[in-house]
Structure formats: structure tokens, C-alpha cells
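For reference, protein_10.csv (CSV, C-alpha atoms and all ligand atoms):
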chain,number,residue,atom,x,y,z
A,173,MET,CA,13.2,-30.6,31.8
A,174,PRO,CA,11.6,-28.8,29.0
A,175,ASN,CA,13.7,-30.4,26.2
A,176,GLY,CA,11.7,-33.6,26.1
A,177,PHE,CA,12.8,-34.8,22.6
A,178,PRO,CA,16.3,-35.2,21.2
A,179,GLY,CA,15.9,-32.5,18.5
A,180,ALA,CA,14.6,-29.9,21.0
A,181,ARG,CA,17.9,-28.1,21.3
A,182,VAL,CA,18.4,-27.9,17.6
A,183,CYS,CA,14.8,-26.6,17.2
A,184,ALA,CA,15.4,-24.0,19.9
A,185,LEU,CA,18.6,-22.9,18.1
A,186,PHE,CA,16.8,-22.6,14.7
A,187,THR,CA,13.9,-20.7,16.4
A,188,ALA,CA,16.4,-18.3,17.9
A,189,ILE,CA,18.2,-17.7,14.7
A,190,ALA,CA,15.0,-17.3,12.8
A,191,SER,CA,13.5,-14.8,15.3
A,192,PHE,CA,16.8,-12.8,15.1
A,193,LEU,CA,16.7,-12.7,11.3
A,194,PHE,CA,13.1,-12.1,10.8
A,195,SER,CA,12.3,-9.6,13.6
A,196,ALA,CA,13.2,-6.0,13.3
A,197,PRO,CA,16.0,-5.4,15.7
A,198,ALA,CA,16.2,-2.2,17.7
A,199,TRP,CA,18.9,-0.8,15.4
A,200,ALA,CA,16.8,-1.3,12.3
A,201,GLU,CA,15.7,1.9,10.7
A,202,LEU,CA,12.2,2.2,9.5
A,203,GLY,CA,11.8,2.7,5.7
A,204,GLN,CA,15.1,1.3,4.5
A,205,PRO,CA,16.8,-2.0,4.1
A,206,ARG,CA,19.0,-3.4,6.9
A,207,PRO,CA,22.1,-5.6,6.8
A,208,TRP,CA,21.3,-9.3,6.5
A,209,GLN,CA,17.6,-8.5,6.1
A,210,LEU,CA,15.3,-11.4,5.3
A,211,GLY,CA,11.7,-10.7,4.3
A,212,PHE,CA,10.2,-7.4,3.5
A,213,GLN,CA,10.7,-4.0,5.1
A,214,GLU,CA,8.3,-3.2,7.9
A,215,PRO,CA,5.0,-2.2,6.2
A,216,VAL,CA,3.6,1.2,6.9
A,217,THR,CA,0.5,1.2,4.7
A,218,PRO,CA,-2.5,-1.1,4.6
A,219,ILE,CA,-1.6,-2.3,1.2
A,220,ALA,CA,2.0,-3.1,2.2
A,221,ARG,CA,0.7,-5.1,5.1
A,222,GLN,CA,-1.7,-7.0,2.9
A,223,ILE,CA,1.2,-7.8,0.5
A,224,GLY,CA,3.2,-9.1,3.4
A,225,GLN,CA,0.4,-11.3,4.6
A,226,PHE,CA,-0.2,-12.7,1.1
A,227,HIS,CA,3.5,-13.4,0.7
A,228,ASP,CA,3.6,-15.3,4.0
A,229,PHE,CA,0.5,-17.3,3.0
A,230,LEU,CA,2.1,-18.2,-0.3
A,231,LEU,CA,5.3,-19.2,1.5
A,232,ILE,CA,3.3,-21.8,3.5
A,233,ILE,CA,1.6,-23.3,0.4
A,234,ILE,CA,4.9,-23.4,-1.5
A,235,THR,CA,6.8,-25.0,1.4
A,236,VAL,CA,4.1,-27.7,2.0
A,237,THR,CA,3.9,-28.4,-1.8
A,238,SER,CA,7.7,-28.7,-2.1
A,239,ILE,CA,8.1,-30.9,0.9
A,240,PHE,CA,5.3,-33.2,-0.4
A,241,VAL,CA,6.8,-33.5,-3.9
A,242,LEU,CA,10.3,-34.1,-2.5
A,243,ALA,CA,8.9,-36.8,-0.1
A,244,LEU,CA,7.1,-38.4,-3.0
A,245,MET,CA,10.2,-38.5,-5.1
A,246,VAL,CA,12.4,-39.9,-2.3
A,247,TYR,CA,9.7,-42.6,-1.7
A,248,VAL,CA,9.5,-43.5,-5.3
A,249,GLY,CA,13.3,-43.6,-5.7
A,250,LEU,CA,13.7,-45.9,-2.7
A,251,ARG,CA,10.7,-48.1,-3.0
A,252,PHE,CA,10.6,-48.6,-6.8
A,253,ASN,CA,14.2,-48.7,-7.9
A,254,ALA,CA,15.4,-51.8,-9.9
A,255,LYS,CA,17.0,-53.4,-6.9
A,256,SER,CA,14.1,-53.2,-4.4
A,257,ASN,CA,11.4,-53.7,-7.1
A,258,PRO,CA,12.8,-56.1,-9.7
A,259,LYS,CA,9.4,-57.0,-11.2
A,260,PRO,CA,7.6,-53.7,-12.0
A,261,SER,CA,3.8,-53.7,-12.1
A,262,LYS,CA,2.1,-53.2,-15.5
A,263,THR,CA,-0.7,-51.0,-14.2
A,264,THR,CA,-1.3,-48.0,-16.4
A,265,HIS,CA,-4.4,-46.1,-15.2
A,266,ASN,CA,-5.9,-45.2,-11.9
A,267,THR,CA,-9.0,-43.1,-12.2
A,268,THR,CA,-9.1,-42.0,-8.5
A,269,LEU,CA,-5.5,-40.9,-8.6
A,270,GLU,CA,-5.9,-39.0,-11.9
A,271,VAL,CA,-9.0,-37.2,-10.7
A,272,LEU,CA,-7.2,-36.3,-7.5
A,273,TRP,CA,-4.0,-34.9,-9.1
A,274,THR,CA,-6.2,-32.7,-11.3
A,275,VAL,CA,-8.7,-31.5,-8.8
A,276,VAL,CA,-6.3,-30.9,-5.8
A,277,PRO,CA,-4.1,-28.4,-7.7
A,278,ILE,CA,-7.2,-26.6,-9.0
A,279,ILE,CA,-8.4,-26.2,-5.4
A,280,ILE,CA,-5.0,-25.0,-4.4
A,281,LEU,CA,-5.0,-22.4,-7.2
A,282,VAL,CA,-8.5,-21.2,-6.2
A,283,ILE,CA,-7.4,-20.9,-2.6
A,284,ILE,CA,-4.5,-18.7,-3.9
A,285,ALA,CA,-6.6,-16.7,-6.3
A,286,VAL,CA,-9.0,-15.4,-3.7
A,287,PRO,CA,-6.6,-13.4,-1.6
A,288,SER,CA,-4.6,-12.6,-4.8
A,289,PHE,CA,-7.6,-10.9,-6.4
A,290,ARG,CA,-8.6,-9.2,-3.1
A,291,LEU,CA,-5.1,-7.6,-3.0
A,292,LEU,CA,-5.2,-6.6,-6.6
A,293,PHE,CA,-8.6,-4.9,-6.2
A,294,ALA,CA,-7.4,-3.2,-3.0
A,295,GLN,CA,-4.4,-1.8,-4.9
A,296,TYR,CA,-6.6,-0.4,-7.6
A,297,ASP,CA,-9.4,0.7,-5.3
A,298,PHE,CA,-8.4,4.4,-5.0
A,299,PRO,CA,-9.8,6.1,-1.9
A,300,LYS,CA,-10.7,9.8,-2.2
A,301,ALA,CA,-7.4,11.7,-2.5
A,302,ASP,CA,-6.3,14.0,0.3
A,303,LEU,CA,-3.2,15.0,-1.7
A,304,THR,CA,-2.1,14.3,-5.2
A,305,ILE,CA,1.6,14.3,-6.2
A,306,LYS,CA,3.2,13.7,-9.6
A,307,ALA,CA,6.5,11.9,-10.0
A,308,ILE,CA,8.4,12.3,-13.2
A,309,GLY,CA,11.3,10.0,-13.9
A,310,ASN,CA,14.3,11.5,-15.7
A,311,GLN,CA,17.8,10.1,-16.5
A,312,TRP,CA,18.8,10.0,-13.6
A,313,TYR,CA,16.7,11.8,-11.0
A,314,TRP,CA,13.0,12.4,-10.1
A,315,THR,CA,11.0,15.5,-10.5
A,316,TYR,CA,8.0,16.0,-8.2
A,317,GLU,CA,5.0,18.2,-8.7
A,318,TYR,CA,2.2,19.1,-6.2
A,319,PRO,CA,-0.6,20.0,-8.6
A,320,ASP,CA,-3.0,20.8,-5.6
A,321,HIS,CA,-0.5,23.4,-4.3
A,322,ASP,CA,0.3,26.0,-6.9
A,323,ALA,CA,2.0,23.3,-9.1
A,324,LEU,CA,4.9,23.3,-6.7
A,325,THR,CA,7.8,21.6,-8.5
A,326,PHE,CA,11.2,20.4,-7.5
A,327,ASP,CA,13.9,17.9,-8.5
A,328,ALA,CA,15.2,15.1,-6.2
A,329,VAL,CA,18.8,14.2,-6.9
A,330,ILE,CA,20.9,11.6,-5.1
A,331,VAL,CA,23.1,12.8,-2.3
A,332,GLU,CA,26.7,11.8,-3.2
A,333,ASP,CA,28.6,9.7,-0.6
A,334,ALA,CA,30.9,12.6,0.3
A,335,ASP,CA,27.9,14.9,1.1
A,336,LEU,CA,25.9,12.5,3.2
A,337,LYS,CA,24.7,14.0,6.5
A,338,PRO,CA,24.3,11.8,9.6
A,339,GLY,CA,21.3,9.6,9.4
A,340,GLN,CA,21.2,9.7,5.6
A,341,PRO,CA,21.5,6.2,4.1
A,342,ARG,CA,24.0,5.8,1.3
A,343,LEU,CA,22.5,5.5,-2.3
A,344,LEU,CA,19.0,6.2,-0.9
A,345,ALA,CA,19.1,9.8,0.3
A,346,THR,CA,18.0,12.6,-2.0
A,347,ASP,CA,18.7,16.4,-1.8
A,348,ASN,CA,15.0,17.2,-1.7
A,349,GLU,CA,12.5,14.7,-0.2
A,350,VAL,CA,8.9,14.2,-1.2
A,351,VAL,CA,6.9,15.4,1.9
A,352,VAL,CA,3.4,14.0,2.6
A,353,PRO,CA,1.1,14.1,5.6
A,354,VAL,CA,0.7,11.0,7.8
A,355,ASN,CA,-2.6,9.0,7.6
A,356,LYS,CA,-3.7,10.8,4.5
A,357,ASN,CA,-4.6,9.2,1.1
A,358,VAL,CA,-1.9,10.3,-1.3
A,359,HIS,CA,-2.4,9.7,-5.0
A,360,VAL,CA,0.8,9.5,-7.0
A,361,LEU,CA,0.7,10.2,-10.8
A,362,ILE,CA,3.7,8.6,-12.4
A,363,THR,CA,5.3,9.3,-15.8
A,364,ALA,CA,8.7,9.7,-17.3
A,365,SER,CA,10.4,12.3,-19.6
A,366,ASP,CA,12.9,10.0,-21.4
A,367,VAL,CA,12.9,6.3,-20.9
A,368,LEU,CA,11.2,3.8,-18.6
A,369,HIS,CA,11.7,4.3,-14.9
A,370,ASN,CA,9.8,2.9,-11.9
A,371,TRP,CA,8.7,4.6,-8.8
A,372,THR,CA,9.1,2.2,-5.9
A,373,VAL,CA,8.8,2.5,-2.1
A,374,PRO,CA,8.9,-1.0,-0.5
A,375,ALA,CA,7.5,0.1,2.9
A,376,PHE,CA,4.5,1.5,1.2
A,377,GLY,CA,4.0,-1.6,-1.0
A,378,VAL,CA,4.1,0.7,-4.1
A,379,LYS,CA,5.9,-0.1,-7.4
A,380,VAL,CA,4.7,1.5,-10.6
A,381,ASP,CA,6.4,1.9,-14.0
A,382,ALA,CA,7.1,5.5,-15.2
A,383,VAL,CA,6.4,5.4,-18.9
A,384,PRO,CA,7.1,8.3,-21.2
A,385,GLY,CA,3.8,9.7,-22.7
A,386,ARG,CA,1.7,7.8,-20.3
A,387,LEU,CA,0.3,8.6,-16.8
A,388,LEU,CA,0.0,5.7,-14.4
A,389,ARG,CA,-1.1,6.1,-10.9
A,390,THR,CA,-1.0,4.5,-7.5
A,391,TRP,CA,-1.9,5.5,-4.0
A,392,PHE,CA,-0.7,5.0,-0.4
A,393,ARG,CA,-1.7,6.0,3.1
A,394,ALA,CA,1.3,6.0,5.4
A,395,GLU,CA,0.4,5.3,9.0
A,396,LYS,CA,3.8,6.2,10.5
A,397,THR,CA,5.9,9.3,10.3
A,398,GLY,CA,9.5,9.0,9.2
A,399,THR,CA,11.5,8.9,6.0
A,400,PHE,CA,10.9,6.0,3.6
A,401,TYR,CA,13.3,5.1,0.8
A,402,GLY,CA,13.0,3.3,-2.5
A,403,GLN,CA,15.0,3.1,-5.7
A,404,CYS,CA,14.2,3.3,-9.4
A,405,SER,CA,13.2,-0.3,-10.3
A,406,GLU,CA,13.2,-0.3,-14.0
A,407,LEU,CA,16.6,-0.5,-15.7
A,408,CYS,CA,16.9,3.0,-17.2
A,409,GLY,CA,20.5,3.5,-18.2
A,410,ALA,CA,24.0,4.0,-16.8
A,411,LYS,CA,23.0,5.7,-13.5
A,412,HIS,CA,19.9,3.6,-12.9
A,413,ALA,CA,21.2,2.7,-9.4
A,414,PHE,CA,21.7,6.3,-8.5
A,415,MET,CA,18.2,7.8,-8.7
A,416,PRO,CA,16.7,7.0,-5.3
A,417,ILE,CA,13.3,7.9,-3.9
A,418,ALA,CA,12.9,9.5,-0.5
A,419,VAL,CA,9.5,10.2,1.0
A,420,ARG,CA,9.2,12.0,4.3
A,421,VAL,CA,5.9,11.4,6.1
A,422,VAL,CA,5.1,14.2,8.6
A,423,THR,CA,2.3,15.5,10.7
A,424,ASP,CA,-0.3,17.8,9.2
A,425,GLU,CA,1.2,20.9,10.9
A,426,GLN,CA,4.7,20.0,9.7
A,427,PHE,CA,3.3,19.4,6.2
A,428,ALA,CA,1.7,22.9,6.2
A,429,SER,CA,4.8,24.6,7.3
A,430,TRP,CA,6.9,22.6,4.8
A,431,LEU,CA,4.6,23.6,2.0
A,432,GLN,CA,5.0,27.3,2.9
A,433,LYS,CA,8.7,27.0,2.9
A,434,ALA,CA,8.9,24.9,-0.2
A,435,LYS,CA,6.7,27.2,-2.2
A,436,LYS,CA,9.2,30.0,-1.5
A,437,GLU,CA,12.3,28.0,-2.0
A,438,PHE,CA,11.3,26.2,-5.2
A,439,ALA,CA,9.6,29.2,-6.7
A,440,ALA,CA,13.1,30.8,-6.9
A,441,ALA,CA,14.6,27.8,-8.7
A,442,PRO,CA,12.1,26.3,-11.1
A,443,SER,CA,12.8,22.7,-12.3
A,444,GLU,CA,15.1,22.5,-15.2
A,445,THR,CA,13.2,19.5,-16.5
A,446,LEU,CA,9.7,21.0,-16.4
A,447,GLN,CA,9.9,21.9,-20.1
A,448,GLU,CA,10.8,18.4,-21.0
A,449,THR,CA,8.0,16.5,-19.2
A,450,PRO,CA,5.7,14.5,-21.4
A,451,ALA,CA,3.0,17.1,-20.9
A,452,GLU,CA,5.1,19.5,-22.9
A,453,THR,CA,6.2,17.3,-25.8
A,454,PRO,CA,4.8,18.0,-29.2
A,455,ARG,CA,3.8,14.3,-29.5
A,456,LEU,CA,1.6,14.5,-26.4
A,457,ALA,CA,0.0,17.8,-27.6
A,458,GLU,CA,-0.7,16.1,-30.9
A,459,LEU,CA,-2.3,13.1,-29.1
A,460,LYS,CA,-4.5,15.4,-27.0
A,461,ARG,CA,-5.9,17.2,-30.1
A,501,CU,CU,16.1,3.4,-13.3

Could you spell out this file's structure in C-alpha cells?
Amino acid sequence: MPNGFPGARVCALFTAIASFLFSAPAWAELGQPRPWQLGFQEPVTPIARQIGQFHDFLLIIITVTSIFVLALMVYVGLRFNAKSNPKPSKTTHNTTLEVLWTVVPIIILVIIAVPSFRLLFAQYDFPKADLTIKAIGNQWYWTYEYPDHDALTFDAVIVEDADLKPGQPRLLATDNEVVVPVNKNVHVLITASDVLHNWTVPAFGVKVDAVPGRLLRTWFRAEKTGTFYGQCSELCGAKHAFMPIAVRVVTDEQFASWLQKAKKEFAAAPSETLQETPAETPRLAELKR
């Protein structure tokens, strides 16, 4: 019989529940949250994967530390309470113990710092860009520009519940999607025209503030095709929850044909916000002088 010890059945049950909760079931859509999700969305960029690994690593350290501290507290509570230890010891110092409880946490912090800095450097180590896009936060939608491609510009506005097409997730779908090629280094320049916003795509491991009058940047290399969703992640006003981000990752050929189509489509209807972007404000012009 495989269940050799009494808790085996309980263990097996917990393992089954955990594997159900943590694994991506067949019905889970890539690039968006799923009901009862625990953990992160499935990563599709090297950085997102590294973030996930770092998170899992920290979770182990946190769990072990918490269990150790809890066990210590329980032991002290039982062993040294007034009833079981009526005559307390008068000891005040223990050099070995004091050195240990100083040095061990330092070692743990160093063990955490190494992968932490590795991740931080990877996030800011920009590979050569294959494509650069610009995301401009507005109350309450995003404007996107493709400076490499005739400054192609369009707005991405949330799709209202009543207008959702099949397959479009509620509160996440936008009328126009950012389209980028798969397996290419995409640099994203991020700014805002009015207040703070934040350009976030969880599956890419990307989250950068959009600050009026400033240009921040990030990068990603999506390794899978599909549509990946995110939301503005900096409280920006009444409709903060209704300015999602949708990025469609496609093959090179699909990207080329999308570009052709988009250039025609959006040339006819230029962005209404283009005039208001920080690049156009008198203050920024003043700063540049
Ligand atoms: Cu917002």
C-alpha cells in the first residue's frame, strides 16, 4: 500500500488541491487572469519568467523563516511560562547566540540580494531594439505611437460590456490593440498627458509609471503569440479601472500586414490627443530650450 503513514491521504489531498490551483488548467486563457487564480499569470518573456522564479525563491525563504519563528515562539511559550518554569534563570548575555542572530539574517539578506540585483539589472539591460513603441496615458485611455513607422498613432479605448465580441475579456479588451511581432525586442517609451498612469502587462513582467513631462522606458520580448492584457496600475482618477492595455503578439508577416492596414486606417483618423501629449506642451518646449 503506497499510503505508508497516517497523514498520507491528507497530504495527497493537499497536493491535488495545490496542483489544481497552481497549474494552468486547459480552459485558462494566456495573457489574462483566470477565476480563482493563485500565483502569477503564465510568463511569456524572459524577464517575467525570472520574476516568477525570484518570487518562488522568496516564498521558500519567507515560509521557512516564518515557521522557524513560530516554532520558537510556541516553544518559549510552553517551556518558559510561569507554571512550567517557576524559577527563571538570571542569564543576560550569550555571545554565541548574539553573533548568530546577527550574522544569520545578514547571510539570508545577501542570499536574497544576489538574485534580486540580477533581476534588476536584467530589467534595465536593454537589448538592441527591433521595434520601439510609445505609450501615452490619458484620462482614461492610452495613446500609442510607432515612431519607427511613420509615427503611426492611435488611441486604445476600453470596449464597453455591451460591445464585447466573443473571446474579448470584460474590462480588459480595447478597441485598438498594440500589435508587436513575436520574439522581437520591443522598447516601450512611456509617458502621460495629464496625471500619473502606469503601463502594466503582467505576462510580460512589465510595470512602469507614466509620468507627465517625463519619458520612462521598459522593454519586453514576447516568446508566444496571442493577446496579452493589463490594466493601468497607478490610481489616476474616476475611470482608472477602465483604461486597460491589450497587446497582440503576432508573427512577422502578420505584423507587416497589420502595419500596412493600420497606417491607412489611422492616417484617416489622427489621434485627438496628439496635440496634448507632453512633447507638445509649452512647459516641455521650455525645458528643451
Ligand atoms: Cu489609472

Counting all atoms listed in the file, give me one row per residue of chain A with an atom at most 7 Å from an atom of ligand CU 501 (chain A), showing the shortest contact pair and its distance in Å to one decimal, sorted by chain then residue number, as CSV.
residue,atom,partner,partner_atom,distance
A:His369,CA,A:CU501,CU,4.8
A:Asn370,CA,A:CU501,CU,6.5
A:Cys404,CA,A:CU501,CU,4.3
A:Ser405,CA,A:CU501,CU,5.6
A:Glu406,CA,A:CU501,CU,4.8
A:Leu407,CA,A:CU501,CU,4.6
A:Cys408,CA,A:CU501,CU,4.0
A:Gly409,CA,A:CU501,CU,6.6
A:His412,CA,A:CU501,CU,3.8
A:Ala413,CA,A:CU501,CU,6.5
A:Met415,CA,A:CU501,CU,6.7

- [ ] Kindly indicate which residue among A:Asn355, A:Pro416, A:Ser261, A:Pro299 lies nearest to Ala328 of chain A, using all atoms listed in the file for the distances.
- [x]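 Closest to Ala328 of chain A of all the choices is A:Pro416.
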
query = Which residue, A:Asp366, A:Glu317, A:Asp302, A:Glu332, has the smallest gap to Leu344 of chain A when you use all atoms listed in the file?
reply =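 Counting all atoms listed in the file, the residue closest to Leu344 of chain A is A:Glu332.
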
field: Interatomic distance (Å, one decimal) between atom CA of Thr372 of chain A and atom CA of Gly402 of chain A
entry: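 Atom-to-atom, atom CA of Thr372 of chain A to atom CA of Gly402 of chain A, that is 5.3 Å.
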
**Request:** Choose the residue, out of A:Phe289, A:Trp430, A:Phe414, A:Tyr247, that has the smallest atom-to-atom separation from Phe226 of chain A; count all atoms listed in the file.
**Result:**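 Among A:Phe289, A:Trp430, A:Phe414, A:Tyr247, it is A:Phe289 that comes nearest to Phe226 of chain A.
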
Practice prompt. Take atom CA of Phe293 of chain A and atom CA of Gly224 of chain A and report the distance between them in Å, one decimal.
Written response: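 Computed distance, atom CA of Phe293 of chain A to atom CA of Gly224 of chain A, equals 15.8 Å.
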
Counting all atoms listed in the file, write as a JSON list (two decimals) with C-alpha atoms, in the coordinates of the input all protein and nucleic acid residues lying at most 6 Å from (4.4, 6.1, -9.7) in the file's frame.
[["chain", "number", "residue", "atom", "x", "y", "z"],
["A", 360, "VAL", "CA", 0.80, 9.50, -7.00],
["A", 361, "LEU", "CA", 0.70, 10.20, -10.80],
["A", 362, "ILE", "CA", 3.70, 8.60, -12.40],
["A", 371, "TRP", "CA", 8.70, 4.60, -8.80],
["A", 380, "VAL", "CA", 4.70, 1.50, -10.60],
["A", 389, "ARG", "CA", -1.10, 6.10, -10.90]]
